[in-house]
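S.K.: Structure file start17.cif (mmCIF, C-alpha atoms) right here:
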data_model
loop_
_atom_site.label_atom_id
_atom_site.label_comp_id
_atom_site.auth_asym_id
_atom_site.auth_seq_id
_atom_site.Cartn_x
_atom_site.Cartn_y
_atom_site.Cartn_z
CA MET A 1 0.00 0.00 0.00
CA SER A 2 1.44 3.36 -1.02
CA SER A 3 1.64 6.33 1.31
CA GLY A 4 -1.33 7.97 -0.41
CA GLU A 5 -3.69 5.00 0.03
CA TYR A 6 -5.89 4.50 3.06
CA LEU A 7 -8.18 1.75 4.21
CA THR A 8 -11.77 2.31 3.23
CA ALA A 9 -14.57 2.05 5.79
CA PRO A 10 -15.54 -1.53 4.79
CA ARG A 11 -11.90 -2.60 5.01
CA LEU A 12 -11.52 -1.00 8.42
CA ARG A 13 -14.60 -2.86 9.66
CA SER A 14 -13.25 -6.11 8.27
CA LEU A 15 -9.88 -5.51 9.89
CA LEU A 16 -11.58 -4.80 13.22
CA ASP A 17 -13.60 -8.01 12.92
CA ILE A 18 -10.48 -10.08 12.22
CA LEU A 19 -8.46 -8.56 15.05
CA VAL A 20 -11.28 -8.86 17.59
CA HIS A 21 -11.92 -12.47 16.55
CA HIS A 22 -8.33 -13.60 17.02
CA GLU A 23 -7.81 -11.60 20.22
CA THR A 24 -11.03 -12.90 21.78
CA TYR A 25 -10.20 -16.55 21.24
CA ALA A 26 -6.58 -16.02 22.29
CA GLU A 27 -7.72 -14.48 25.58
CA VAL A 28 -10.21 -17.26 26.25
CA GLN A 29 -7.61 -19.95 25.54
CA SER A 30 -5.12 -18.21 27.82
CA PHE A 31 -7.29 -19.12 30.81
CA ARG A 32 -6.10 -22.70 30.50
CA ASN A 33 -3.22 -21.37 32.54
CA THR A 34 -4.10 -20.64 36.15
CA GLN A 35 -1.83 -17.59 36.07
CA ALA A 36 -4.01 -15.83 33.50
CA ILE A 37 -6.23 -14.41 36.22
CA GLU A 38 -3.16 -13.01 37.99
CA SER A 39 -2.32 -10.77 35.03
CA TYR A 40 -5.94 -9.86 34.32
CA GLY A 41 -5.72 -6.53 36.13
CA TRP A 42 -8.71 -4.67 37.52
CA PRO A 43 -10.89 -5.79 39.33
CA PHE A 44 -8.79 -8.83 40.30
CA VAL A 45 -6.16 -6.80 42.15
CA ASP A 46 -5.48 -6.26 45.83
CA ARG A 47 -7.37 -3.29 47.24
CA ASP A 48 -7.12 -1.01 50.22
CA SER A 49 -9.86 -0.21 52.72
CA LYS A 50 -11.42 2.30 50.29
CA GLY A 51 -11.70 -0.20 47.44
CA SER A 52 -8.91 1.36 45.37
CA PRO A 53 -5.92 -0.63 44.08
CA ALA A 54 -3.47 -1.18 46.92
CA LYS A 55 -0.53 -0.78 44.54
CA PRO A 56 -0.01 0.09 40.87
CA HIS A 57 -0.75 -2.78 38.52
CA SER A 58 0.28 -3.44 34.94
CA LEU A 59 -2.00 -3.39 31.92
CA SER A 60 -4.36 -6.32 31.54
CA SER A 61 -3.26 -9.36 29.58
CA SER A 62 -6.91 -9.80 28.52
CA PRO A 63 -7.99 -6.31 27.43
CA LEU A 64 -11.15 -7.38 25.61
CA LEU A 65 -12.42 -9.49 28.50
CA GLN A 66 -11.59 -6.66 30.86
CA LEU A 67 -13.47 -4.20 28.64
CA LEU A 68 -16.56 -6.39 28.69
CA LEU A 69 -16.38 -6.86 32.45
CA THR A 70 -15.79 -3.22 33.37
CA ARG A 71 -18.25 -1.72 30.89
CA LEU A 72 -21.21 -4.07 31.27
CA VAL A 73 -20.88 -6.19 34.41
CA LEU A 74 -19.28 -3.94 37.03
CA THR A 75 -21.68 -1.08 36.28
CA ALA A 76 -24.80 -3.18 36.92
CA PRO A 77 -26.79 -1.99 39.98
CA ALA A 78 -26.49 -5.24 41.95
CA VAL A 79 -22.89 -5.98 41.00
CA ARG A 80 -21.42 -2.57 41.79
CA ASP A 81 -22.54 -2.93 45.42
CA LEU A 82 -20.59 -6.15 46.02
CA SER A 83 -17.96 -6.19 48.74
CA THR A 84 -14.41 -5.21 47.87
CA ASP A 85 -13.23 -8.78 48.49
CA PHE A 86 -15.63 -10.42 46.06
CA TRP A 87 -13.62 -9.99 42.85
CA PRO A 88 -9.97 -10.15 44.05
CA VAL A 89 -10.59 -12.93 46.60
CA ASN A 90 -13.76 -14.95 46.04
CA PHE A 91 -14.22 -14.86 42.28
CA LYS A 92 -10.49 -14.98 41.64
CA GLY A 93 -10.22 -18.11 43.76
CA ILE A 94 -13.02 -19.77 41.79
CA MET A 95 -11.30 -18.99 38.49
CA LYS A 96 -8.07 -20.51 39.77
CA GLN A 97 -9.90 -23.68 40.73
CA PHE A 98 -11.46 -23.87 37.27
CA GLY A 99 -8.00 -23.54 35.76
CA ASP A 100 -6.62 -26.31 37.96
CA ALA A 101 -9.52 -28.58 36.95
CA ASN A 102 -8.49 -28.26 33.28
CA LEU A 103 -12.10 -27.85 32.16
CA SER A 104 -11.10 -26.18 28.91
CA ASP A 105 -9.86 -29.45 27.40
CA SER A 106 -13.06 -31.47 27.20
CA TYR A 107 -13.40 -34.24 24.64
CA ASP A 108 -16.05 -36.95 24.44
CA LYS A 109 -15.22 -40.00 22.34
CA GLY A 110 -12.71 -38.14 20.22
CA SER A 111 -14.97 -35.15 19.49
CA LEU A 112 -15.57 -31.82 21.15
CA GLY A 113 -17.33 -32.12 24.48
CA THR A 114 -20.31 -30.12 25.68
CA ARG A 115 -18.15 -27.77 27.76
CA LYS A 116 -15.96 -27.06 24.76
CA ARG A 117 -18.99 -26.25 22.62
CA LEU A 118 -20.46 -23.99 25.30
CA ALA A 119 -17.13 -22.19 25.65
CA THR A 120 -17.00 -21.63 21.90
CA ALA A 121 -20.57 -20.30 21.87
CA ALA A 122 -19.81 -17.98 24.78
CA SER A 123 -16.69 -16.74 22.98
CA THR A 124 -18.76 -15.98 19.89
CA ILE A 125 -21.22 -13.90 21.90
CA HIS A 126 -18.37 -12.18 23.71
CA GLU A 127 -16.74 -11.37 20.38
CA ALA A 128 -19.92 -9.80 19.00
CA VAL A 129 -20.54 -7.69 22.12
CA THR A 130 -16.92 -6.54 22.27
CA ARG A 131 -16.97 -5.57 18.61
CA GLY A 132 -20.00 -3.43 19.32
CA LEU A 133 -18.31 -1.77 22.30
CA LEU A 134 -15.23 -0.94 20.24
CA SER A 135 -16.93 0.23 17.05
CA GLY A 136 -19.98 1.88 18.59
CA VAL A 137 -22.73 3.58 16.59
CA SER A 138 -21.81 6.51 14.40
CA ASP A 139 -23.56 9.77 15.23
CA GLY A 140 -25.62 11.66 12.69
CA PRO A 141 -29.15 12.80 11.85
CA LEU A 142 -31.83 10.49 13.17
CA PRO A 143 -33.47 8.55 10.32
CA ASP A 144 -37.22 8.51 9.79
CA LEU A 145 -38.57 5.26 11.21
CA HIS A 146 -41.88 5.78 9.44
CA GLY A 147 -40.38 5.73 5.97
CA GLN A 148 -40.52 2.97 3.40
CA TYR A 149 -38.58 -0.23 4.09
CA ASP A 150 -38.48 -3.12 1.66
CA ARG A 151 -38.83 -6.14 3.91
CA GLU A 152 -38.61 -8.51 0.96
CA ASN A 153 -34.83 -8.21 0.68
CA ALA A 154 -31.91 -8.30 3.07
CA GLU A 155 -30.86 -4.70 2.44
CA GLY A 156 -34.22 -3.37 3.60
CA LEU A 157 -34.20 -5.43 6.79
CA THR A 158 -30.61 -4.45 7.54
CA LYS A 159 -31.42 -0.77 7.05
CA ALA A 160 -34.43 -1.04 9.36
CA TRP A 161 -32.30 -2.71 12.03
CA ARG A 162 -29.54 -0.10 11.84
CA ASP A 163 -32.01 2.78 11.91
CA CYS A 164 -33.64 1.36 15.04
CA ILE A 165 -30.25 0.89 16.69
CA HIS A 166 -29.45 4.52 15.84
CA HIS A 167 -32.65 5.65 17.53
CA LEU A 168 -31.99 3.42 20.54
CA VAL A 169 -28.59 5.01 21.09
CA TYR A 170 -29.23 8.65 20.18
CA GLY A 171 -33.01 8.92 20.27
CA ASN A 172 -35.91 7.97 22.53
CA LEU A 173 -36.95 4.72 20.88
CA ILE A 174 -36.83 2.70 24.09
CA ASP A 175 -39.31 5.07 25.77
CA ASP A 176 -41.51 5.04 22.68
CA ILE A 177 -41.52 1.23 22.69
CA PHE A 178 -42.68 1.12 26.32
CA ASN A 179 -45.38 3.67 25.56
CA GLN A 180 -46.46 1.59 22.58
CA LEU A 181 -46.73 -1.56 24.69
CA THR A 182 -48.90 0.21 27.27
CA HIS A 183 -51.53 0.83 24.60
CA THR A 184 -51.27 -2.27 22.43
CA GLU A 185 -49.47 -5.61 22.33
CA SER A 186 -48.50 -5.09 18.68
CA LEU A 187 -44.93 -3.86 18.87
CA GLU A 188 -44.52 -3.92 15.10
CA ALA A 189 -47.36 -1.44 14.66
CA TYR A 190 -45.18 1.38 15.97
CA SER A 191 -43.35 1.96 12.69
CA PRO A 192 -42.27 0.10 9.53
CA ALA A 193 -38.65 0.32 10.68
CA LEU A 194 -39.38 -1.41 13.98
CA GLU A 195 -41.37 -4.07 12.16
CA GLY A 196 -38.40 -4.73 9.90
CA ALA A 197 -36.01 -4.75 12.86
CA VAL A 198 -38.14 -7.35 14.65
CA GLU A 199 -38.16 -9.52 11.53
CA TYR A 200 -34.39 -9.05 11.21
CA ALA A 201 -33.90 -10.27 14.79
CA GLN A 202 -36.27 -13.19 14.27
CA LEU A 203 -34.32 -14.36 11.23
CA HIS A 204 -31.03 -14.29 13.11
CA ILE A 205 -32.47 -16.07 16.14
CA ALA A 206 -34.07 -18.70 13.91
CA THR A 207 -30.76 -19.20 12.10
CA PHE A 208 -28.94 -19.65 15.39
CA LEU A 209 -31.49 -22.17 16.68
CA HIS A 210 -31.35 -24.04 13.37
CA GLN A 211 -27.58 -24.31 13.64
CA VAL A 212 -27.76 -25.50 17.25
CA PHE A 213 -30.66 -27.95 17.14
CA VAL A 214 -30.70 -29.14 13.50
CA LEU A 215 -27.27 -28.91 11.92
CA SER A 216 -25.23 -29.59 15.06
CA ALA A 217 -24.40 -33.19 15.93
CA GLU A 218 -25.34 -32.42 19.53
CA GLY A 219 -28.76 -31.08 18.48
CA PRO A 220 -30.91 -34.06 19.57
CA TYR A 221 -29.13 -34.23 22.93
CA LEU A 222 -29.56 -30.49 23.55
CA LEU A 223 -33.21 -30.65 22.51
CA LYS A 224 -33.85 -33.49 24.95
CA LEU A 225 -32.01 -31.57 27.66
CA VAL A 226 -34.13 -28.46 27.09
CA ASP A 227 -37.29 -30.57 27.11
CA ASN A 228 -36.33 -32.16 30.44
CA VAL A 229 -35.62 -28.76 31.99
CA HIS A 230 -38.93 -27.46 30.66
CA ARG A 231 -40.79 -30.33 32.31
CA LEU A 232 -39.09 -29.74 35.66
CA VAL A 233 -39.56 -25.97 35.95
CA PRO A 234 -42.67 -25.12 38.04
CA TYR A 235 -43.77 -22.08 36.04
CA THR A 236 -46.95 -21.51 38.05
CA VAL A 237 -45.14 -21.42 41.38
CA ILE A 238 -42.42 -19.19 39.92
CA GLY A 239 -45.06 -16.78 38.65
CA GLN A 240 -46.65 -16.53 42.07
CA THR A 241 -43.26 -16.09 43.74
CA LEU A 242 -42.30 -13.22 41.44
CA ARG A 243 -45.40 -11.34 42.57
CA VAL A 244 -43.89 -10.83 46.03
CA GLY A 245 -43.28 -7.12 46.50
CA ASN A 246 -40.26 -7.33 48.77
CA ALA A 247 -37.16 -8.10 46.71
CA ALA A 248 -35.32 -9.91 49.51
CA SER A 249 -38.32 -12.12 50.28
CA MET A 250 -38.79 -12.87 46.58
CA ILE A 251 -35.14 -13.90 46.12
CA ASN A 252 -35.28 -16.02 49.28
CA ALA A 253 -38.44 -17.75 48.07
CA MET A 254 -36.92 -18.44 44.63
CA SER A 255 -33.82 -19.91 46.25
CA ARG A 256 -35.92 -22.17 48.45
CA LEU A 257 -37.98 -23.23 45.45
CA PHE A 258 -34.99 -24.43 43.45
CA LEU A 259 -32.93 -25.79 46.35
CA SER A 260 -35.60 -27.54 48.41
CA LYS A 261 -35.87 -31.30 48.08
CA VAL A 262 -39.50 -32.20 47.53
CA SER A 263 -40.17 -35.95 47.71
CA MET A 264 -42.18 -38.42 49.74
CA ALA A 265 -39.08 -39.21 51.81
CA ALA A 266 -38.52 -35.52 52.56
CA ILE A 267 -42.16 -35.10 53.60
CA SER A 268 -42.08 -38.19 55.81
CA ASN A 269 -38.85 -36.97 57.44
CA TRP A 270 -40.43 -33.58 58.08
CA MET A 271 -43.52 -35.20 59.63
CA GLY A 272 -41.37 -37.48 61.78
CA LEU A 273 -42.64 -40.71 60.22
CA THR A 274 -39.14 -41.65 59.04
CA SER A 275 -35.65 -40.73 60.08
CA ASN A 276 -32.69 -39.93 57.81
CA ALA A 277 -34.40 -41.27 54.71
CA ALA A 278 -32.90 -40.16 51.40
CA ASP A 279 -34.50 -36.84 50.48
CA GLY A 280 -33.84 -37.17 46.77
CA MET A 281 -32.63 -34.27 44.64
CA ASN A 282 -33.64 -30.65 44.28
CA LEU A 283 -34.46 -28.95 40.98
CA MET A 284 -30.90 -27.77 40.40
CA GLN A 285 -29.50 -31.27 40.92
CA ARG A 286 -32.04 -32.77 38.56
#
With the file now loaded, output its structure as structure tokens.
M.R.:
Amino acid sequence: MSSGEYLTAPRLRSLLDILVHHETYAEVQSFRNTQAIESYGWPFVDRDSKGSPAKPHSLSSSPLLQLLLTRLVLTAPAVRDLSTDFWPVNFKGIMKQFGDANLSDSYDKGSLGTRKRLATAASTIHEAVTRGLLSGVSDGPLPDLHGQYDRENAEGLTKAWRDCIHHLVYGNLIDDIFNQLTHTESLEAYSPALEGAVEYAQLHIATFLHQVFVLSAEGPYLLKLVDNVHRLVPYTVIGQTLRVGNAASMINAMSRLFLSKVSMAAISNWMGLTSNAADGMNLMQR
């Protein structure tokens, strides 16, 4: 490339995609080593009584993972109120134990195991989110969501999706969506652009599910697993529990629901008819 040539916008986006892809998978694979968490940087560093770093620390060896954690996770209302020892002591210790267990190398009968597939899927999602954090949404005039969108071709659906994302970031689309849902259940009736964006999302979700449950060799197993979980979940009881106004009581009730062992042996033990009979398994164990 001569000194007068520059990368065009499509080439820059492609270069960003390639770099983020390779860096994401390199960072995930680095956690095979238990020392990867030691060089992660904030928030897995020693802190003083005020929650600040106790001593200067070097740059993170996993910058993309750190970006995702600091931008999205640490700013969440419940997470930002955690104790100062949670990340550098508790969570860091768990990550070290995972590294010692060598869970990253999982193979079943010569093929990739379930953990390996889940790790790859999580890395793909992490890559997409990180790419969005790095590239962002370009500023500019807000497009008209009530214009004409050709939903019969991919270009029209893509344009509708991007226009809605633009309004979500720089406009008031999220408030307008909530106002729309208070009057009618038809979300697509708000504007042609939102209707195209919903169809765009549906196509991508359907493609993902098709890849997972139809084209994947693990599809039948995953489908059976989802069906078993669906049969076990007590949706009616969960719905009633979520109606509890007090957040602490609601969380406590949900924990009891999933961790309690409900069986004839457990009931007989509680009534005193039997002693030390096997209580069976709770919902999480099943």
S.K.: Need the shell around A:Asp144: protein/DNA/RNA residues with any atom at most 12 Å away, counting all atoms listed in the file. Skip same-chain ones fewer than 2 positions apart. Format as a list of chain:residue names?
M.R.: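 So the residues in contact are A:Pro141, A:Leu142, A:His146, A:Gly147, A:Gln148, A:Tyr149, A:Lys159, A:Ala160, A:Arg162, A:Asp163, A:Cys164, A:His166, A:His167, A:Gly171, A:Leu173, A:Ser191, A:Pro192, A:Ala193, A:Leu194.
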S.K.: Please report the interatomic distance between atom CA of A:Met254 and atom CA of A:Tyr235 in Å with one decimal.
M.R.: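 Computing the Euclidean distance for atom CA of A:Met254 and atom CA of A:Tyr235 yields 11.6 Å.
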S.K.: What's the 6 Å shell around stretch 57-69 of chain A, counting only C-alpha atoms, without same-chain residues fewer than 4 positions away, as a ChimeraX atom specification?
M.R.: /A:27,39-41,73
S.K.: Tell me which residues the PyMOL selection byres ((chain A and resi 77-93) around 6) grabs here, as a list in words.
M.R.: Phe44, Val45, Gly51, Leu74, Thr75, Ala76, Ile94, Met95 and Lys96 of chain A
S.K.: In Å, how far is it from atom CA of A:Val214 to atom CA of A:Arg117?
M.R.: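 Value for the atom CA of A:Val214-atom CA of A:Arg117 distance: 15.1 Å.
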S.K.: For A:Arg13, please output as number ranges by chain all residues within 12 Å (counting only C-alpha atoms; exclusion window: fewer than 4 positions along the same chain).
M.R.: A: 7-9, 17-20, 131-132, 134-136
S.K.: Given all atoms listed in the file as the basis, pick out the residue of A:Leu187, A:Val237, A:Leu225, A:Leu157 nearest to A:Tyr200.
M.R.: A:Leu157
S.K.: I want to know what sits within 12 Å of A:Ala154, based on only C-alpha atoms, with residues of the same chain fewer than 6 positions away left out; could you give that as a list in words?
M.R.: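 Here the qualifying residues turn out to be Ala160, Trp161, Gly196, Ala197, Glu199, Tyr200, Leu203 and His204 of chain A.
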S.K.: For A:Ile165, which of A:Leu223, A:Ala119, A:Ala201, A:Ala36 is the closest residue, counting all atoms listed in the file?
M.R.: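 Of A:Leu223, A:Ala119, A:Ala201, A:Ala36, the one nearest A:Ile165, counting all atoms listed in the file, is A:Ala201.
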S.K.: Just to confirm, what's the straight-line distance from atom CA of A:Val229 to atom CA of A:Gln202 in Å (one decimal)?
M.R.: 23.6 Å
S.K.: Looking at only C-alpha atoms, which of A:Leu118, A:Asp175, A:Phe31, A:Asn153 is the one that sits closest to A:Val212?
M.R.: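 Counting only C-alpha atoms, the residue closest to A:Val212 is A:Leu118.
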